[in-house]
Every structure is written in C-alpha cells, then in structure tokens.
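Here's the structure we're looking at; comments come further down.
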Amino acid sequence: MGAVRRAAVIGTGTMGPGMGAVLARAGIDTALYDVSPEALERAKAGAELAAGVLERLEAAQEEGGALRFETELAAALDGADFVLEAVPEKLELKQEVFPQLEAGTRPDTILASNTSGIAITKIAAVCAHPKRVVGMHWSNPPHLIPMIEVIPGEQTSQETVDATAELVRRIGYHPVVEREVAGFVENRILYAILRECLDLVDRGIIDPEGLDLNVRWGIGYKLAVIGPMELLDMAGLDIYNAVGSYLNQDLSTSGEVSSTIRDLIDKGRLGMKTGGGIYDYTPEQIDELRAKRAGKLVAVRKALEG
C-alpha cells in the first residue's frame with residue numbers, strides 16, 4: 001500500500017483521542033468513531049488536550065492532518081487507508097467489530113487493533129483476509145509515550161507488518177516488532193514488576209508510599225535511560241548470575257492476584273475513577289495529578305530525545 005492519507009480510530013475511550021491527535025498532527029486525515037455521542041463529546045475535549053501536549057513537545061507537524069468525529073461507522077471508514085480498533089478489551093466484541101471493518105474498507109486497507117494483550121490470531125480468525133490484520137499496541141498516554149508494539153498474527157502478511165512499522169516511524173514514534181505472546185512484551189514485563197511490588201506490600205515488607213519512591217528513583221529513573229539488557233552489561237553478567245542464582249528462587253511466582261487489590265475491589269475502591277484505590281483522591285487532586293504528570297512526562301521525553 002502507499003502512504004496513509006486517511007485513517008479511522010474505532011472507539012474513543014481512554015486512548016482514542018490521544019491516538020487521533022497524534023495521527024492528525026502527522027498529516028493524516030483522521031476520523032474518530034464512537035456509537036455514543038456523549039463519548040464523542042468527551043473525545044473532542046480529550047483530543048484538544050492531547051493536541052496541546054503535542055504542541056508543548058514541539059512534535060513535528062505535517063500539512064493535511066485533521067480530526068473529524070463520526071457516529072456513523074460507514075462515514076468513519078470512508079476512504080480509510082488504515083483503521084485502528086480501540087473498542088473495550090473483550091474478544092467477542094472485537095470479533096464482532098472486525099468483519100464490519102473489513103466489509104467497510106478497501107481490500108488493501110490495514111486493520112489494526114490496539115488490544116493490550118488479546119491474541120491477534122484470534123481477532124483475525126473472523127476475517128476473510130486475516131493477512132491485513134495486525135496488532136498496534138500504543139502505550140498510555142498515547143500522545144506522550146513514543147513507542148508502539150507491532151504484533152503480527154499467524155496469518156498477518158509481512159507487507160502489513162512493514163507498512164504498520166513505517167506508519168509508526170512516520171508519526172515520529174519507535175516501532176517494536178515482536179512475535180505474538182500472551183499479554184505482549186510491554187505488559188508481561190509491567191505485570192511481572194507489579195506482581196513483585198504487590199507481593200512486598202501484601203507481606204508488609206514496605207508500604208505503598210515507600211514502594212513507589214523506591215521504584216521511581218531506584219529503578220524507573222534508571223530504566224528510562226538504560227534498558228534492561230544494557231543494564232545487565234553495565235552491571236556485569238557475572239554479578240547478575242551471582243545474585244540471580246539465589247534471589248530468583250525467592251521472587252513471587254504466584255498465579256493469584258494480590259490480596260491487597262482484591263480487598264480494595266471488594267470495597268468498591270477501583271482507583272482514580274472512583275476517587276480512591278490504594279490512595280485517596282479528590283476531583284481537584286485528580287485534575288492536578290494528571291496535569292503534573294503530563295508535564296513531567298513531557299520534560300522526560302524531551303530529555304530522552306535530546
């Protein structure tokens with residue numbers, strides 16, 4: 001296929017507005033589609049906020065980009081070269097949506113899923129032409145994290161993979177092409193870290209505040225600059241071998257979700273969206289935290305790209 005000129009994001013939700021803003025800034029005429037007019041109204045506000053962040057990042061801006069908001073699927077898909085599905089994380093729902101995307105687009109249109117872990121092969125199984133179905137997993141917030149996982153299913157063509165990776169580079173992001181594995185690479189690593197963190201909290205080794213400080217400064221600060229494989233070389237493989245030979249045996253291997261998390265869910269404490277989870281939040285604090293974190297992510301990204 002040629003260069004992507006028109007794209008459609010199907011489902012606005014948490015990430016749709018940010019993804020739409022990034023695509024539009026890269027010079028792509030982009031439609032944001034949702035069945036809910038209320039969700040589209042929220043998406044307009046979210047896309048404006050994301051566009052403001054991209055401005056602060058001084059992200060490259062190309063001519064021809066625009067965002068439009070559609071409640072009719074046919075209108076969103078009209079002329080699309082690239083479709084990005086971002087509906088809720090339910091295989092049944094995605095398998096319901098993909099045949100509609102296939103029917104409403106040209107045979108050479110790429111159909112990508114922003115799923116964070118559902119097998120692309122399973123999503124593509126309901127399509128007549130699974131070779132054009134691919135995983136394109138953005139990291140949240142999508143307008144701030146410039147890395148996208150590109151995951152082919154068993155029948156995805158190499159042409160589809162290459163074109164998707166090229167689109168990622170075109171928007172100024174880093175494509176990471178990987179083989180299909182449950183949860184994909186980013187979430188597997190994240191959930192391994194979270195499991196150990198929660199195990200330490202569950203056992204009273206450390207409190208949540210101390211855990212967050214420890215990881216932010218002891219691990220996160222470092223890993224933002226030096227990747228895990230680079231860190232192994234820097235520390236010395238013999239050192240890792242010596243420590244890993246006894247420590248790996250003591251790390252959590254639990255297949256259960258943390259009791260801390262399950263207890264909070266039973267109390268209706270789901271995090272920021274309910275005003276409290278591990279920590280408590282007022283509506284004002286939530287707005288302040290989001291703004292502050294966005295500002296810090298902008299500053300870190302500029303430093304890392306410098």
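Order determines the names: the first chain of the structure tokens is A, the second B, and so forth; residues in each chain are numbered 1 upward, and ligands are numbered 1 upward as they are shown.
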
May I have all residues of segment 124-241 of chain A that DSSP, computed from the backbone, assigns to helix (DSSP H, G or I), given as a PyMOL selection string? chain A and resi 124+130-132+158-170+184-202+208-223+228-235+237-241

Could you dump the residues just selected with C-alpha atoms as a compact mmCIF listing (two decimals), in the first residue's frame?
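The file below, result-v2.txt, is the result:
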# COMPACT_ATOMS: atom_id res chain seq x y z
CA ALA A 124 -8.21 -12.10 12.80
CA PRO A 130 -6.52 -12.10 8.06
CA LYS A 131 -3.29 -11.11 6.27
CA ARG A 132 -4.21 -7.44 6.71
CA GLN A 158 4.95 -9.13 6.06
CA GLU A 159 3.70 -6.26 3.90
CA THR A 160 1.13 -5.40 6.60
CA VAL A 161 3.80 -5.51 9.32
CA ASP A 162 6.21 -3.35 7.31
CA ALA A 163 3.54 -0.77 6.43
CA THR A 164 2.43 -0.52 10.07
CA ALA A 165 6.01 -0.08 11.30
CA GLU A 166 6.54 2.59 8.63
CA LEU A 167 3.44 4.45 9.83
CA VAL A 168 4.79 4.35 13.39
CA ARG A 169 8.06 5.88 12.20
CA ARG A 170 6.16 8.49 10.18
CA PHE A 184 2.60 -8.86 24.55
CA VAL A 185 6.05 -7.82 25.74
CA GLU A 186 5.38 -4.49 27.46
CA ASN A 187 2.53 -5.74 29.64
CA ARG A 188 4.31 -9.00 30.51
CA ILE A 189 7.23 -7.00 31.92
CA LEU A 190 4.93 -4.49 33.63
CA TYR A 191 2.80 -7.20 35.25
CA ALA A 192 5.89 -9.08 36.43
CA ILE A 193 7.05 -5.89 38.16
CA LEU A 194 3.59 -5.19 39.60
CA ARG A 195 3.30 -8.76 40.94
CA GLU A 196 6.54 -8.44 42.90
CA CYS A 197 5.64 -4.93 44.11
CA LEU A 198 2.23 -6.04 45.38
CA ASP A 199 3.67 -9.17 46.99
CA LEU A 200 6.06 -6.99 49.02
CA VAL A 201 3.16 -4.74 50.09
CA ASP A 202 0.91 -7.74 50.87
CA PRO A 208 2.74 1.72 49.17
CA GLU A 209 4.36 5.15 49.54
CA GLY A 210 7.77 3.66 50.18
CA LEU A 211 7.35 1.17 47.35
CA ASP A 212 6.51 3.95 44.87
CA LEU A 213 9.52 6.04 45.95
CA ASN A 214 11.81 3.02 45.75
CA VAL A 215 10.73 2.05 42.24
CA ARG A 216 10.54 5.58 40.82
CA TRP A 217 14.06 6.51 41.88
CA GLY A 218 15.79 3.15 42.27
CA ILE A 219 14.53 1.51 39.08
CA GLY A 220 12.33 3.72 36.90
CA TYR A 221 14.68 6.70 36.73
CA LYS A 222 17.49 4.40 35.62
CA LEU A 223 15.49 2.26 33.18
CA PRO A 228 17.34 -3.87 30.94
CA MET A 229 19.71 -5.59 28.50
CA GLU A 230 22.05 -2.59 28.58
CA LEU A 231 21.83 -2.57 32.37
CA LEU A 232 22.98 -6.19 32.53
CA ASP A 233 26.09 -5.33 30.51
CA MET A 234 26.71 -2.26 32.65
CA ALA A 235 26.40 -4.13 35.95
CA LEU A 237 26.75 -10.55 33.73
CA ASP A 238 28.72 -12.33 36.46
CA ILE A 239 27.10 -10.10 39.09
CA TYR A 240 23.63 -10.83 37.72
CA ASN A 241 24.41 -14.55 37.67

For atom CA of Ala24 of chain A and atom CA of Met272 of chain A, determine how far apart the two atoms are, in Å to one decimal place. 29.1 Å

What is the distance between atom CA of Glu102 of chain A and atom CA of His174 of chain A, in Å to one decimal? 27.1 Å

Would you list the contacts of Glu85 of chain A as a ChimeraX atom specification, taking every protein, DNA or RNA residue within 7 Å and counting only C-alpha atoms, but skipping same-chain residues closer than 2 positions in sequence? /A:9-11,83,87,112-114

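Remark: for Gly13 of chain A, the closest of the candidate residues A:Ala119, A:Asn140, A:Leu270, A:Pro99 is A:Asn140 (distances computed over only C-alpha atoms).
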
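If only C-alpha atoms are the atoms counted, then among A:Ile278, A:Val176, A:Val133, A:Val35 the closest residue to Pro146 of chain A is A:Val176.
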
Write out as a PyMOL selection string the residues lying within 12 Å of Arg106 of chain A, counting only C-alpha atoms and excluding same-chain residues fewer than 2 positions away. chain A and resi 1+77-83+100-104+108-111+129+132

Let's have the selection written as a PDB file, in the first residue's frame, with N, CA and C atoms.
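Wrote it out as part-v8.pdb, contents follow:
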ATOM      1  N   MET A   1       0.837  -1.200   0.000  1.00  0.00           N
ATOM      2  CA  MET A   1       0.000   0.000   0.000  1.00  0.00           C
ATOM      3  C   MET A   1       0.868   1.244   0.000  1.00  0.00           C
ATOM      4  N   LEU A  77     -15.187   5.067   8.111  1.00  0.00           N
ATOM      5  CA  LEU A  77     -14.336   4.178   7.309  1.00  0.00           C
ATOM      6  C   LEU A  77     -14.144   4.652   5.876  1.00  0.00           C
ATOM      7  N   ASP A  78     -14.954   5.601   5.437  1.00  0.00           N
ATOM      8  CA  ASP A  78     -14.928   6.051   4.039  1.00  0.00           C
ATOM      9  C   ASP A  78     -13.529   6.495   3.614  1.00  0.00           C
ATOM     10  N   GLY A  79     -12.958   5.802   2.648  1.00  0.00           N
ATOM     11  CA  GLY A  79     -11.655   6.166   2.098  1.00  0.00           C
ATOM     12  C   GLY A  79     -10.465   5.866   2.989  1.00  0.00           C
ATOM     13  N   ALA A  80     -10.670   5.154   4.096  1.00  0.00           N
ATOM     14  CA  ALA A  80      -9.578   4.922   5.052  1.00  0.00           C
ATOM     15  C   ALA A  80      -8.524   3.981   4.482  1.00  0.00           C
ATOM     16  N   ASP A  81      -7.269   4.369   4.639  1.00  0.00           N
ATOM     17  CA  ASP A  81      -6.137   3.518   4.271  1.00  0.00           C
ATOM     18  C   ASP A  81      -5.706   2.650   5.457  1.00  0.00           C
ATOM     19  N   PHE A  82      -6.034   3.129   6.654  1.00  0.00           N
ATOM     20  CA  PHE A  82      -5.585   2.471   7.883  1.00  0.00           C
ATOM     21  C   PHE A  82      -6.677   2.629   8.940  1.00  0.00           C
ATOM     22  N   VAL A  83      -7.069   1.513   9.573  1.00  0.00           N
ATOM     23  CA  VAL A  83      -8.105   1.540  10.604  1.00  0.00           C
ATOM     24  C   VAL A  83      -7.509   0.995  11.893  1.00  0.00           C
ATOM     25  N   GLN A 100     -17.067  -6.042  10.318  1.00  0.00           N
ATOM     26  CA  GLN A 100     -17.662  -4.778   9.864  1.00  0.00           C
ATOM     27  C   GLN A 100     -16.590  -3.861   9.284  1.00  0.00           C
ATOM     28  N   LEU A 101     -15.423  -3.856   9.911  1.00  0.00           N
ATOM     29  CA  LEU A 101     -14.314  -3.028   9.406  1.00  0.00           C
ATOM     30  C   LEU A 101     -13.855  -3.549   8.045  1.00  0.00           C
ATOM     31  N   GLU A 102     -13.800  -4.865   7.929  1.00  0.00           N
ATOM     32  CA  GLU A 102     -13.373  -5.487   6.676  1.00  0.00           C
ATOM     33  C   GLU A 102     -14.368  -5.187   5.552  1.00  0.00           C
ATOM     34  N   ALA A 103     -15.654  -5.262   5.881  1.00  0.00           N
ATOM     35  CA  ALA A 103     -16.694  -5.033   4.869  1.00  0.00           C
ATOM     36  C   ALA A 103     -16.760  -3.580   4.430  1.00  0.00           C
ATOM     37  N   GLY A 104     -16.341  -2.665   5.307  1.00  0.00           N
ATOM     38  CA  GLY A 104     -16.481  -1.241   5.001  1.00  0.00           C
ATOM     39  C   GLY A 104     -15.242  -0.574   4.454  1.00  0.00           C
ATOM     40  N   ASP A 108      -7.085  -3.444   0.442  1.00  0.00           N
ATOM     41  CA  ASP A 108      -5.706  -3.187   0.867  1.00  0.00           C
ATOM     42  C   ASP A 108      -5.617  -2.343   2.134  1.00  0.00           C
ATOM     43  N   THR A 109      -6.751  -2.010   2.741  1.00  0.00           N
ATOM     44  CA  THR A 109      -6.739  -1.226   3.981  1.00  0.00           C
ATOM     45  C   THR A 109      -6.245  -2.095   5.131  1.00  0.00           C
ATOM     46  N   ILE A 110      -5.312  -1.575   5.918  1.00  0.00           N
ATOM     47  CA  ILE A 110      -4.804  -2.315   7.073  1.00  0.00           C
ATOM     48  C   ILE A 110      -5.770  -2.160   8.229  1.00  0.00           C
ATOM     49  N   LEU A 111      -6.063  -3.259   8.912  1.00  0.00           N
ATOM     50  CA  LEU A 111      -6.946  -3.265  10.073  1.00  0.00           C
ATOM     51  C   LEU A 111      -6.103  -3.604  11.301  1.00  0.00           C
ATOM     52  N   HIS A 129      -9.874 -11.970   5.224  1.00  0.00           N
ATOM     53  CA  HIS A 129      -8.494 -11.703   4.796  1.00  0.00           C
ATOM     54  C   HIS A 129      -7.633 -11.358   6.015  1.00  0.00           C
ATOM     55  N   ARG A 132      -4.297  -8.894   6.515  1.00  0.00           N
ATOM     56  CA  ARG A 132      -4.210  -7.437   6.705  1.00  0.00           C
ATOM     57  C   ARG A 132      -4.553  -7.010   8.123  1.00  0.00           C
TER      58      ARG A 132
END

Considering only C-alpha atoms, return as a PyMOL selection string whatever protein or nucleic-acid residues lie within 10 Å of Pro142 of chain A, sequence-local ones (same chain, fewer than 6 positions apart) excluded. chain A and resi 14-22+50+148

Could the residues in this selection be written to a file with all heavy atoms, as a PDB file, in the first residue's frame?
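The resulting out.pdb:
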ATOM      1  N   THR A  14     -10.402   5.650  26.450  1.00  0.00           N
ATOM      2  CA  THR A  14      -9.293   6.327  27.128  1.00  0.00           C
ATOM      3  C   THR A  14      -8.225   6.803  26.152  1.00  0.00           C
ATOM      4  O   THR A  14      -7.672   7.892  26.305  1.00  0.00           O
ATOM      5  CB  THR A  14      -8.637   5.365  28.144  1.00  0.00           C
ATOM      6  OG1 THR A  14      -9.636   4.897  29.048  1.00  0.00           O
ATOM      7  CG2 THR A  14      -7.545   6.066  28.939  1.00  0.00           C
ATOM      8  N   MET A  15      -7.933   5.998  25.130  1.00  0.00           N
ATOM      9  CA  MET A  15      -6.779   6.265  24.289  1.00  0.00           C
ATOM     10  C   MET A  15      -7.099   6.850  22.924  1.00  0.00           C
ATOM     11  O   MET A  15      -6.237   7.455  22.292  1.00  0.00           O
ATOM     12  CB  MET A  15      -5.965   4.979  24.128  1.00  0.00           C
ATOM     13  CG  MET A  15      -5.427   4.463  25.455  1.00  0.00           C
ATOM     14  SD  MET A  15      -4.501   2.921  25.298  1.00  0.00           S
ATOM     15  CE  MET A  15      -3.016   3.496  24.489  1.00  0.00           C
ATOM     16  N   GLY A  16      -8.338   6.674  22.454  1.00  0.00           N
ATOM     17  CA  GLY A  16      -8.700   7.132  21.120  1.00  0.00           C
ATOM     18  C   GLY A  16      -8.362   8.585  20.819  1.00  0.00           C
ATOM     19  O   GLY A  16      -7.761   8.883  19.776  1.00  0.00           O
ATOM     20  N   PRO A  17      -8.725   9.519  21.712  1.00  0.00           N
ATOM     21  CA  PRO A  17      -8.440  10.936  21.424  1.00  0.00           C
ATOM     22  C   PRO A  17      -6.952  11.227  21.249  1.00  0.00           C
ATOM     23  O   PRO A  17      -6.562  11.969  20.344  1.00  0.00           O
ATOM     24  CB  PRO A  17      -9.007  11.663  22.647  1.00  0.00           C
ATOM     25  CG  PRO A  17     -10.071  10.755  23.164  1.00  0.00           C
ATOM     26  CD  PRO A  17      -9.553   9.368  22.924  1.00  0.00           C
ATOM     27  N   GLY A  18      -6.120  10.630  22.110  1.00  0.00           N
ATOM     28  CA  GLY A  18      -4.680  10.857  22.000  1.00  0.00           C
ATOM     29  C   GLY A  18      -4.103  10.275  20.729  1.00  0.00           C
ATOM     30  O   GLY A  18      -3.281  10.904  20.057  1.00  0.00           O
ATOM     31  N   MET A  19      -4.548   9.073  20.368  1.00  0.00           N
ATOM     32  CA  MET A  19      -4.067   8.455  19.134  1.00  0.00           C
ATOM     33  C   MET A  19      -4.504   9.279  17.934  1.00  0.00           C
ATOM     34  O   MET A  19      -3.723   9.501  16.998  1.00  0.00           O
ATOM     35  CB  MET A  19      -4.593   7.020  19.031  1.00  0.00           C
ATOM     36  CG  MET A  19      -4.041   6.108  20.115  1.00  0.00           C
ATOM     37  SD  MET A  19      -4.450   4.339  19.925  1.00  0.00           S
ATOM     38  CE  MET A  19      -6.230   4.369  20.113  1.00  0.00           C
ATOM     39  N   GLY A  20      -5.750   9.747  17.952  1.00  0.00           N
ATOM     40  CA  GLY A  20      -6.251  10.577  16.861  1.00  0.00           C
ATOM     41  C   GLY A  20      -5.450  11.857  16.703  1.00  0.00           C
ATOM     42  O   GLY A  20      -5.126  12.275  15.586  1.00  0.00           O
ATOM     43  N   ALA A  21      -5.124  12.490  17.827  1.00  0.00           N
ATOM     44  CA  ALA A  21      -4.359  13.740  17.786  1.00  0.00           C
ATOM     45  C   ALA A  21      -2.976  13.518  17.196  1.00  0.00           C
ATOM     46  O   ALA A  21      -2.466  14.342  16.427  1.00  0.00           O
ATOM     47  CB  ALA A  21      -4.253  14.330  19.200  1.00  0.00           C
ATOM     48  N   VAL A  22      -2.345  12.397  17.536  1.00  0.00           N
ATOM     49  CA  VAL A  22      -1.004  12.085  17.014  1.00  0.00           C
ATOM     50  C   VAL A  22      -1.062  11.859  15.502  1.00  0.00           C
ATOM     51  O   VAL A  22      -0.231  12.378  14.749  1.00  0.00           O
ATOM     52  CB  VAL A  22      -0.420  10.845  17.731  1.00  0.00           C
ATOM     53  CG1 VAL A  22       0.866  10.392  17.042  1.00  0.00           C
ATOM     54  CG2 VAL A  22      -0.149  11.161  19.192  1.00  0.00           C
ATOM     55  N   ALA A  50      -4.757  16.615  24.161  1.00  0.00           N
ATOM     56  CA  ALA A  50      -3.617  15.902  23.583  1.00  0.00           C
ATOM     57  C   ALA A  50      -2.881  16.762  22.570  1.00  0.00           C
ATOM     58  O   ALA A  50      -1.642  16.770  22.524  1.00  0.00           O
ATOM     59  CB  ALA A  50      -4.098  14.604  22.931  1.00  0.00           C
ATOM     60  N   ILE A 148       5.472   2.032  20.068  1.00  0.00           N
ATOM     61  CA  ILE A 148       4.287   1.249  19.729  1.00  0.00           C
ATOM     62  C   ILE A 148       4.714  -0.177  19.397  1.00  0.00           C
ATOM     63  O   ILE A 148       5.625  -0.393  18.592  1.00  0.00           O
ATOM     64  CB  ILE A 148       3.526   1.869  18.537  1.00  0.00           C
ATOM     65  CG1 ILE A 148       2.948   3.233  18.941  1.00  0.00           C
ATOM     66  CG2 ILE A 148       2.421   0.934  18.046  1.00  0.00           C
ATOM     67  CD1 ILE A 148       2.251   3.971  17.810  1.00  0.00           C
TER      68      ILE A 148
END
